[in-house]
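Asks: Provided below: final-v4.cif, containing mmCIF, C-alpha atoms.
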```
data_model
#
loop_
_atom_site.label_atom_id
_atom_site.label_comp_id
_atom_site.auth_asym_id
_atom_site.auth_seq_id
_atom_site.Cartn_x
_atom_site.Cartn_y
_atom_site.Cartn_z
CA MET A 260 11.59 18.73 1.56
CA ASP A 261 14.71 18.28 -0.55
CA LEU A 262 15.83 14.68 -0.88
CA PRO A 263 19.44 13.63 -1.56
CA VAL A 264 18.40 12.12 -4.89
CA THR A 265 19.05 12.98 -8.52
CA ARG A 266 17.32 12.28 -11.80
CA ASP A 267 20.14 10.02 -12.93
CA GLY A 268 20.34 8.28 -9.56
CA VAL A 269 16.63 7.47 -9.39
CA GLY A 270 16.43 6.71 -13.09
CA PRO A 271 16.36 8.95 -16.18
CA ILE A 272 13.61 6.77 -17.67
CA CYS A 273 11.18 5.21 -15.20
CA LEU A 274 8.20 2.89 -15.49
CA VAL A 275 5.46 2.84 -12.85
CA THR A 276 3.28 -0.25 -12.96
CA GLY A 277 -0.15 0.44 -11.53
CA GLY A 278 0.27 4.09 -12.46
CA ASN A 279 -3.43 4.78 -11.93
CA GLY A 280 -3.28 3.65 -8.30
CA TYR A 281 -2.88 5.98 -5.36
CA VAL A 282 0.83 5.44 -4.73
CA GLY A 283 1.41 5.09 -8.47
CA LYS A 284 -0.04 8.52 -9.28
CA HIS A 285 2.03 10.20 -6.61
CA LEU A 286 5.16 8.46 -7.85
CA VAL A 287 4.43 9.68 -11.37
CA ARG A 288 3.94 13.26 -10.21
CA ARG A 289 7.13 13.32 -8.20
CA LEU A 290 9.18 11.63 -10.92
CA LEU A 291 8.08 14.30 -13.36
CA GLU A 292 9.06 16.97 -10.85
CA LEU A 293 12.49 15.33 -10.61
CA GLY A 294 12.86 15.61 -14.39
CA CYS A 295 12.53 11.92 -15.23
CA GLU A 296 10.92 10.55 -18.36
CA VAL A 297 7.93 8.62 -17.07
CA ARG A 298 5.94 5.67 -18.40
CA THR A 299 3.00 3.89 -16.82
CA LEU A 300 1.56 0.41 -17.30
CA ASP A 301 -2.01 -0.19 -16.19
CA ARG A 302 -5.30 -1.65 -17.36
CA ALA A 303 -6.52 1.81 -18.38
CA PRO A 304 -4.73 4.82 -19.92
CA PHE A 305 -3.02 7.24 -17.57
CA GLU A 306 -4.78 10.58 -17.47
CA GLY A 307 -3.79 13.95 -16.10
CA ASP A 308 -0.38 14.70 -17.63
CA SER A 309 0.48 14.57 -21.31
CA ARG A 310 4.18 14.13 -20.51
CA VAL A 311 3.53 10.56 -19.39
CA THR A 312 3.79 7.73 -21.90
CA SER A 313 0.90 5.43 -21.09
CA PHE A 314 0.98 1.71 -21.83
CA VAL A 315 -2.31 -0.18 -21.49
CA GLY A 316 -1.81 -3.84 -20.76
CA ASP A 317 -1.97 -6.81 -18.45
CA ILE A 318 0.74 -7.19 -15.82
CA ARG A 319 0.42 -10.96 -16.25
CA ARG A 320 1.35 -10.83 -19.95
CA ILE A 321 5.09 -10.77 -20.66
CA SER A 322 4.62 -9.10 -24.05
CA ASP A 323 2.80 -6.16 -22.46
CA VAL A 324 5.31 -5.75 -19.65
CA GLY A 325 8.29 -6.19 -21.95
CA LEU A 326 7.08 -3.48 -24.31
CA ALA A 327 6.67 -1.04 -21.43
CA CYS A 328 10.13 -1.94 -20.02
CA ASP A 329 12.04 -1.41 -23.24
CA GLY A 330 14.71 1.24 -22.63
CA VAL A 331 13.71 1.79 -18.99
CA ASP A 332 16.29 2.39 -16.24
CA THR A 333 14.09 1.91 -13.14
CA VAL A 334 10.80 0.10 -12.62
CA PHE A 335 8.60 1.02 -9.66
CA HIS A 336 6.26 -1.95 -9.34
CA THR A 337 3.15 -0.78 -7.49
CA ALA A 338 0.48 -2.79 -9.35
CA ALA A 339 -1.45 -5.13 -7.06
CA VAL A 340 -4.91 -6.34 -6.10
CA ILE A 341 -5.88 -5.56 -2.50
CA ASN A 342 -8.23 -8.32 -1.37
CA THR A 343 -8.22 -9.30 2.32
CA LEU A 344 -10.67 -12.18 2.08
CA THR A 345 -9.73 -15.39 3.84
CA LEU A 346 -12.60 -17.39 2.37
CA ALA A 347 -12.67 -16.77 -1.36
CA ARG A 348 -13.93 -18.61 -4.41
CA PRO A 349 -11.24 -20.36 -6.51
CA SER A 350 -11.70 -17.90 -9.37
CA VAL A 351 -11.00 -14.99 -7.03
CA ARG A 352 -7.94 -16.72 -5.60
CA ARG A 353 -6.59 -17.36 -9.10
CA PHE A 354 -7.08 -13.73 -10.09
CA VAL A 355 -5.39 -12.25 -7.01
CA TYR A 356 -2.53 -14.75 -7.20
CA GLY A 357 -2.20 -14.11 -10.92
CA VAL A 358 -1.84 -10.35 -10.57
CA ASN A 359 0.17 -10.16 -7.35
CA VAL A 360 2.49 -13.15 -7.78
CA LEU A 361 2.56 -14.17 -11.44
CA GLY A 362 2.42 -10.51 -12.43
CA THR A 363 5.49 -9.82 -10.29
CA GLU A 364 7.29 -12.78 -11.85
CA CYS A 365 6.45 -11.30 -15.23
CA VAL A 366 7.88 -7.91 -14.22
CA ILE A 367 11.12 -9.52 -13.03
CA ARG A 368 11.49 -11.49 -16.27
CA ALA A 369 10.82 -8.42 -18.40
CA CYS A 370 13.29 -6.32 -16.40
CA LYS A 371 16.03 -8.89 -16.90
CA ALA A 372 15.25 -9.33 -20.59
CA LYS A 373 15.27 -5.58 -21.27
CA GLY A 374 18.31 -4.72 -19.17
CA VAL A 375 16.48 -2.65 -16.57
CA LYS A 376 18.95 -1.54 -13.89
CA ARG A 377 16.69 -1.16 -10.83
CA LEU A 378 13.40 -2.66 -9.61
CA VAL A 379 11.72 -1.15 -6.54
CA PHE A 380 8.75 -3.13 -5.28
CA THR A 381 5.87 -1.58 -3.36
CA SER A 382 5.27 -4.18 -0.67
CA SER A 383 3.35 -3.92 2.62
CA ILE A 384 3.79 -4.42 6.34
CA ALA A 385 1.33 -7.30 5.86
CA VAL A 386 4.15 -9.58 4.70
CA SER A 387 5.47 -9.83 8.27
CA VAL A 388 2.32 -9.45 10.37
CA ASP A 389 1.52 -12.42 12.55
CA GLY A 390 0.37 -10.35 15.51
CA PRO A 391 0.90 -9.16 17.99
CA VAL A 392 3.92 -7.33 16.56
CA ARG A 393 5.07 -4.06 18.11
CA GLY A 394 8.36 -2.29 17.46
CA ALA A 395 9.79 -5.06 15.27
CA ASP A 396 12.20 -4.45 12.40
CA GLU A 397 13.10 -6.02 9.07
CA THR A 398 14.69 -9.02 10.79
CA HIS A 399 11.17 -10.11 11.74
CA PRO A 400 10.49 -13.18 9.57
CA TYR A 401 7.97 -13.63 6.84
CA VAL A 402 4.86 -15.39 8.01
CA GLY A 403 4.16 -18.72 6.32
CA ASP A 404 1.05 -19.21 4.24
CA ALA A 405 -0.58 -21.27 6.99
CA LYS A 406 -0.55 -18.17 9.18
CA LEU A 407 -1.35 -15.75 6.39
CA PRO A 408 -4.74 -16.95 5.22
CA ASP A 409 -5.97 -13.75 3.58
CA LEU A 410 -5.24 -13.31 -0.10
CA TYR A 411 -3.41 -10.00 0.10
CA SER A 412 -0.95 -11.03 2.80
CA GLN A 413 -0.28 -14.39 1.13
CA THR A 414 0.39 -13.00 -2.31
CA LYS A 415 2.34 -9.89 -1.30
CA SER A 416 4.63 -12.02 0.86
CA ARG A 417 5.38 -14.36 -2.05
CA ALA A 418 5.84 -11.48 -4.48
CA GLU A 419 8.27 -9.60 -2.24
CA ARG A 420 10.41 -12.66 -1.76
CA LEU A 421 10.59 -13.13 -5.54
CA VAL A 422 11.76 -9.55 -6.01
CA LEU A 423 14.43 -9.65 -3.30
CA GLU A 424 15.74 -13.03 -4.44
CA ALA A 425 16.14 -11.60 -7.95
CA HIS A 426 18.72 -9.01 -6.82
CA ASP A 427 21.94 -9.10 -8.82
CA GLU A 428 24.48 -6.39 -8.06
CA ASN A 429 25.90 -6.75 -11.58
CA GLY A 430 22.49 -6.95 -13.25
CA LEU A 431 19.01 -6.14 -11.97
CA ARG A 432 19.24 -4.48 -8.56
CA THR A 433 16.14 -4.89 -6.42
CA ALA A 434 14.65 -3.73 -3.12
CA ALA A 435 11.23 -3.45 -1.46
CA VAL A 436 9.35 -0.72 0.41
CA ARG A 437 6.88 -1.82 3.11
CA PRO A 438 4.36 0.93 3.94
CA GLY A 439 1.58 0.71 6.47
CA GLY A 440 -1.81 2.24 5.73
CA VAL A 441 -1.27 5.01 3.18
CA TRP A 442 -3.06 8.35 3.58
CA GLY A 443 -2.76 11.80 2.08
CA PRO A 444 -4.41 14.18 -0.39
CA GLY A 445 -6.85 13.07 -3.06
CA GLU A 446 -9.67 10.54 -3.02
CA GLY A 447 -7.45 7.64 -4.03
CA ALA A 448 -6.31 6.91 -0.47
CA ILE A 449 -8.39 3.78 0.10
CA MET A 450 -8.13 3.74 3.89
CA VAL A 451 -9.57 7.26 4.12
CA ARG A 452 -12.05 7.10 1.25
CA ASP A 453 -13.64 3.86 2.45
CA PHE A 454 -13.94 5.16 6.00
CA ILE A 455 -15.56 8.41 4.88
CA GLU A 456 -18.01 6.39 2.79
CA HIS A 457 -19.01 4.33 5.85
CA LEU A 458 -19.33 7.54 7.85
CA ALA A 459 -21.49 9.27 5.22
CA ASN A 460 -23.69 6.19 4.88
CA GLY A 461 -24.34 6.16 8.63
CA ASP A 462 -22.47 2.90 9.20
CA PHE A 463 -20.03 4.12 11.84
CA LYS A 464 -22.08 3.55 14.97
CA VAL A 465 -19.63 1.54 17.09
CA THR A 466 -15.89 0.98 17.27
CA ILE A 467 -14.16 -2.41 17.19
CA GLY A 468 -11.79 -3.71 19.83
CA ASN A 469 -10.63 -2.24 23.12
CA GLY A 470 -8.65 0.63 21.60
CA LYS A 471 -5.31 -0.58 22.96
CA SER A 472 -3.77 -2.09 19.82
CA VAL A 473 -1.52 -0.05 17.55
CA ASN A 474 -0.52 -0.14 13.90
CA ASP A 475 1.30 2.05 11.38
CA ASN A 476 0.03 4.58 8.88
CA VAL A 477 2.13 6.69 6.55
CA HIS A 478 1.67 9.80 4.42
CA VAL A 479 1.90 9.08 0.71
CA ASP A 480 4.72 11.59 0.22
CA SER A 481 6.78 9.65 2.77
CA VAL A 482 6.11 6.47 0.80
CA VAL A 483 7.36 8.14 -2.39
CA ASP A 484 10.38 9.52 -0.54
CA VAL A 485 11.51 6.03 0.44
CA HIS A 486 10.96 4.70 -3.09
CA PHE A 487 13.25 7.46 -4.37
CA LEU A 488 15.82 6.98 -1.62
CA VAL A 489 15.91 3.23 -2.29
CA ALA A 490 16.36 3.73 -6.04
CA GLN A 491 19.20 6.21 -5.42
CA LYS A 492 20.86 3.82 -2.97
CA LEU A 493 20.60 0.96 -5.48
CA THR A 494 22.59 3.22 -7.81
CA ASP A 495 25.17 4.45 -5.29
CA ASP A 496 25.51 1.56 -2.84
CA PRO A 497 23.83 -1.63 -4.07
CA GLY A 498 25.79 -3.66 -1.56
CA LEU A 499 23.82 -1.96 1.18
CA ALA A 500 20.29 -1.69 -0.23
CA GLY A 501 20.27 -4.49 -2.77
CA GLY A 502 17.92 -7.33 -1.90
CA GLN A 503 16.68 -5.43 1.15
CA ALA A 504 13.23 -4.42 2.43
CA TYR A 505 12.44 -1.19 4.28
CA PHE A 506 9.49 -0.39 6.52
CA VAL A 507 8.13 3.13 6.11
CA SER A 508 5.68 4.83 8.46
CA ASP A 509 4.92 8.14 10.13
CA ASP A 510 6.75 6.63 13.12
CA GLU A 511 3.79 7.21 15.44
CA PRO A 512 2.14 3.88 16.28
CA MET A 513 -1.54 4.55 16.95
CA ASN A 514 -4.76 2.67 17.46
CA PRO A 515 -6.14 2.16 13.93
CA VAL A 516 -9.65 3.26 14.92
CA THR A 517 -8.67 6.24 17.07
CA TRP A 518 -6.55 7.54 14.17
CA TYR A 519 -9.80 8.51 12.40
CA ARG A 520 -11.21 10.52 15.31
CA PRO A 521 -10.10 13.96 13.98
CA ILE A 522 -11.87 13.15 10.70
CA VAL A 523 -15.06 12.01 12.42
CA GLU A 524 -15.30 15.04 14.66
CA GLY A 525 -14.06 17.42 11.95
CA LEU A 526 -16.99 16.34 9.79
CA GLY A 527 -19.44 17.06 12.61
CA TYR A 528 -20.08 13.54 13.90
CA GLU A 529 -19.93 12.32 17.48
CA TRP A 530 -17.45 9.63 18.39
CA PRO A 531 -19.27 6.33 19.11
CA LYS A 532 -19.80 5.49 22.76
CA PHE A 533 -19.93 1.72 22.30
CA HIS A 534 -17.52 -0.86 20.97
CA ILE A 535 -17.74 -4.42 19.68
CA PRO A 536 -15.32 -6.87 21.33
CA LYS A 537 -12.87 -8.63 19.03
CA PRO A 538 -14.48 -12.12 19.27
CA ILE A 539 -17.88 -10.77 18.22
CA ALA A 540 -16.42 -8.67 15.40
CA TYR A 541 -14.43 -11.67 14.17
CA ALA A 542 -17.57 -13.85 14.18
CA ILE A 543 -19.47 -11.20 12.20
CA ALA A 544 -16.62 -10.95 9.68
CA TYR A 545 -16.50 -14.74 9.32
CA ALA A 546 -20.25 -14.92 8.70
CA SER A 547 -19.96 -12.09 6.15
CA GLU A 548 -17.23 -13.91 4.27
CA VAL A 549 -19.30 -17.10 4.17
CA ALA A 550 -22.30 -15.15 2.87
CA HIS A 551 -20.14 -13.52 0.21
CA TYR A 552 -18.72 -16.89 -0.83
CA PHE A 553 -22.26 -18.05 -1.59
CA GLY A 554 -23.20 -14.93 -3.55
CA GLY A 555 -23.76 -12.23 -0.95
CA PRO A 556 -22.23 -8.72 -1.01
CA PHE A 557 -18.56 -8.13 -0.34
CA PRO A 558 -18.05 -7.99 3.45
CA THR A 559 -17.98 -4.59 5.12
CA ILE A 560 -15.18 -6.02 7.24
CA THR A 561 -13.09 -9.17 6.80
CA ARG A 562 -11.37 -11.34 9.36
CA ARG A 563 -8.01 -9.88 8.38
CA SER A 564 -9.43 -6.39 8.89
CA VAL A 565 -10.62 -7.31 12.38
CA MET A 566 -7.17 -8.64 13.25
CA SER A 567 -5.54 -5.50 11.84
CA ILE A 568 -7.73 -3.38 14.12
CA CYS A 569 -7.52 -5.49 17.28
CA VAL A 570 -3.97 -6.89 17.23
CA ASP A 571 -0.69 -4.95 17.33
CA ALA A 572 0.94 -4.61 13.91
CA SER A 573 3.65 -1.98 14.19
CA PHE A 574 7.23 -1.84 12.90
CA THR A 575 10.05 0.65 13.34
CA PRO A 576 11.34 2.61 10.32
CA ALA A 577 14.77 2.85 11.96
CA LYS A 578 16.49 0.98 9.13
CA ALA A 579 15.15 3.40 6.51
CA LYS A 580 16.28 6.31 8.69
CA ALA A 581 19.78 4.92 9.27
CA GLU A 582 20.55 3.53 5.80
CA LEU A 583 18.55 5.85 3.54
CA GLY A 584 18.27 9.07 5.54
CA TYR A 585 14.49 8.81 5.70
CA VAL A 586 12.60 11.46 7.67
CA PRO A 587 8.79 11.23 7.99
CA ARG A 588 7.03 14.04 6.13
CA THR A 589 4.38 14.79 8.72
CA SER A 590 2.38 13.49 11.64
CA SER A 591 -1.34 12.78 11.59
CA ALA A 592 -1.91 15.64 14.05
CA GLU A 593 -0.23 18.04 11.66
CA GLY A 594 -1.35 16.56 8.35
CA LEU A 595 -5.01 15.62 8.82
CA PRO A 596 -6.30 19.16 9.56
CA LYS A 597 -4.75 20.36 6.30
CA LEU A 598 -6.82 17.80 4.39
CA MET A 599 -10.18 18.34 6.09
CA HIS A 600 -11.47 20.43 3.18
CA GLU A 601 -10.84 17.48 0.85
CA PHE A 602 -12.41 15.03 3.28
CA LYS A 603 -15.48 17.24 3.56
CA ALA A 604 -15.82 17.49 -0.21
CA THR A 605 -15.62 13.69 -0.51
CA HIS A 606 -18.12 13.27 2.30
CA ASP A 607 -20.57 15.72 0.77
CA ARG A 608 -20.39 14.08 -2.65
CA ILE A 609 -21.17 10.69 -1.12
CA LYS A 610 -24.07 12.13 0.87
CA ALA A 611 -25.46 13.78 -2.26
CA ARG A 612 -25.58 10.43 -4.07
CA ARG A 613 -27.68 8.76 -1.39
#
```
As structure tokens, what does this structure read like?
Replies:
Amino acid sequence: MDLPVTRDGVGPICLVTGGNGYVGKHLVRRLLELGCEVRTLDRAPFEGDSRVTSFVGDIRRISDVGLACDGVDTVFHTAAVINTLTLARPSVRRFVYGVNVLGTECVIRACKAKGVKRLVFTSSIAVSVDGPVRGADETHPYVGDAKLPDLYSQTKSRAERLVLEAHDENGLRTAAVRPGGVWGPGEGAIMVRDFIEHLANGDFKVTIGNGKSVNDNVHVDSVVDVHFLVAQKLTDDPGLAGGQAYFVSDDEPMNPVTWYRPIVEGLGYEWPKFHIPKPIAYAIAYASEVAHYFGGPFPTITRRSVMSICVDASFTPAKAKAELGYVPRTSSAEGLPKLMHEFKATHDRIKARR
């Protein structure tokens, strides 16, 4: 799919924070294809393409971020910690807040100090989810911290607001991209990899909820498309896109458990016949979080995860379509069968380790 973007419009020299992450790696690949000079900033060196200039550093340290930003035109800020615990030890809370909020503050400061022209923030639909939400758009308000108890939703909401408030049409131009659950090729797609691991370990015996709720997933190439379209629009029409957020999805709201059915049956498993009602699943998740707080293993499912499965959390990408020209890359029905060979390879590797 050819996008109406150019190397100079997106950014001749680009930095991807969190370049080793799933979205980060796909951004890097596509930026290189566009002809951009690409840098990454992460806790470990970037591997896989010698054309990439890799900076190893801490997103919370201004000296590290400033060095990576020197001479950069566009920063794609994808670095984040995904932790959906509601009950977490203070040290964990400090770490997640430090990376997701203070790290974002650090990126903004470095961008301004180094004269970066554009900052595109990888946000999440979680910043506006106080379910049930179905068919809402970007006018739907942020949810206050009292209603966003899990660490990821809290910190991503704060970080996005910092980015959008930093927009300056005559200086640093900013915008945010809000994807749902990200899927696609490669083992880095957390939502798919974790599910296949549960499946291979024999943990998928029942479903959760009544199957009526819907949420949004999105192919990783669609996520990258909107990042590029936003960056181009910040160049061409900052009065339109500047300081704005855009939801991106496959535009096919689906039950978050049923979405996995082609994978389950494609790998030779039967779909579970029984389900756990939301109140019971929530109680189990709560008990698991308490156990983890006092030294137990990380919960298989958290309270936020239960709510994500059982309560509507779906937004329209109409704004991205109208203002950016966004078109979803694929549907799950079309895209998942093409990836079954990868899913099977992942599944078989996990089974072999048991």
Asks: Grab the atom CA of His600 of chain A to atom CA of Gly445 of chain A distance for me, in Å with one decimal place.
Replies: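 Interatomic distance here is 10.7 Å.
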Asks: For Ser547 of chain A, find every residue with an atom within 9 Å (counting only C-alpha atoms), except residues of its own chain fewer than 4 positions away, and show them as a PyMOL selection string.
Replies: chain A and resi 542-543+551-552+555-561
Asks: Applied to the shown file, which residues does the PyMOL selection byres ((chain A and resi 382) around 7) return, written as an MDAnalysis selection string?
Replies: chainID A and resid 380:381 383 415 419 435:438
Asks: For the residues in the current selection, export C-alpha atoms as a JSON list (two decimals), keeping the file's coordinate frame.
Replies:
```
[["chain", "number", "residue", "atom", "x", "y", "z"],
["A", 380, "PHE", "CA", 8.75, -3.13, -5.28],
["A", 381, "THR", "CA", 5.87, -1.58, -3.36],
["A", 383, "SER", "CA", 3.35, -3.92, 2.62],
["A", 415, "LYS", "CA", 2.34, -9.89, -1.30],
["A", 419, "GLU", "CA", 8.27, -9.60, -2.24],
["A", 435, "ALA", "CA", 11.23, -3.45, -1.46],
["A", 436, "VAL", "CA", 9.35, -0.72, 0.41],
["A", 437, "ARG", "CA", 6.88, -1.82, 3.11],
["A", 438, "PRO", "CA", 4.36, 0.93, 3.94]]
```
Asks: Report as a PyMOL selection string the full result of the PyMOL selection byres ((chain A and resi 312-323) around 8) when it is applied to this structure.
Replies: chain A and resi 276+297-305+309-311+324-327+338+357-358+361-363+365-366+368-369
Asks: Output the residue selection produced by the PyMOL selection byres ((chain A and resi 497) around 10) on the file above, formatted as a PyMOL selection string.
Replies: chain A and resi 377+426-429+432-434+489-496+498-503
Asks: So how many Å separate atom CA of Asp308 of chain A and atom CA of Lys284 of chain A, to one decimal?
Replies: 10.4 Å
Asks: Quick one: pull the distance between atom CA of Tyr585 of chain A and atom CA of Asp484 of chain A, Å, one decimal.
Replies: 7.5 Å
